[in-house]
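Chemist: Take a look at the following structure, please.
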Amino acid sequence: MSDIGKVVKKILAGGALCAVAAGGLTLTGVTGYSYFFTDTRQVTITDAQMTKVDHKFMIATDYRPFQNHDAWYRGKFNSGTVQNEAIRLKGKKAEITYYGWRIPIFSTYEHIVGIKEVKD
């Protein structure tokens, strides 16, 4: 193969690698966005206790279970207060703010960052 052919082959291989890397960064950006940005939902709190499971509080709702824990990377250090509010609102409608994903195969739950009572 000539020297020009080798150079062209390296340029094409490098371009393909850059395209794959850029696509991976885009996918990472989209999934990172969907994981870290919060959403809100109105739910009925069905169960909440002051007992931790694997260093996390759990809050059960009519929608699905959520976890509640302090998260230094989000600046959230009030998991006890949030859990106490969930216990107080047991059986009542509440608006929760949460982020993350529910992935049953890995036993991961969305994380509650805020909770407030919904007045009828």
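Identifiers in this document derive from the order of the structure tokens: chains are assigned A, B, ..., residues are numbered from 1 separately in each chain, and ligands are numbered from 1 in order of occurrence.
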Do a neighbour search on Gln42 of chain A at 7 Å with only C-alpha atoms, toss out local chain neighbours closer than 6 positions, and write the hits as a ChimeraX atom specification.
Modeler: /A:93-96
Chemist: Which of these, A:Tyr98, A:Tyr109, A:Tyr35, A:Lys92, has the shortest distance to Lys76 of chain A once you count only C-alpha atoms?
Modeler: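 Using only C-alpha atoms, Lys76 of chain A sits closest to A:Tyr98.
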Chemist: Of the residues A:Phe77, A:Lys116, A:Ile105, A:Thr46, which is the one nearest to Tyr63 of chain A, using only C-alpha atoms?
Modeler: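 Ranking A:Phe77, A:Lys116, A:Ile105, A:Thr46 by distance to Tyr63 of chain A, first place goes to A:Thr46.
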Chemist: Can you work out the spacing between atom CA of Phe36 of chain A and atom CA of Lys119 of chain A in Å, to one decimal?
Modeler: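 Distance reported for this atom pair: 28.1 Å.
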Chemist: At what distance in Å, to one decimal, does atom CA of Val113 of chain A lie from atom CA of Lys90 of chain A?
Modeler: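 Interatomic distance, atom CA of Lys90 of chain A to atom CA of Val113 of chain A: 17.1 Å.
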Chemist: Using only C-alpha atoms, find the one residue out of A:Val118, A:Thr40, A:Thr51, A:His111 that sits nearest to Asn68 of chain A.
Modeler: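 Closest residue, counting only C-alpha atoms: A:His111.
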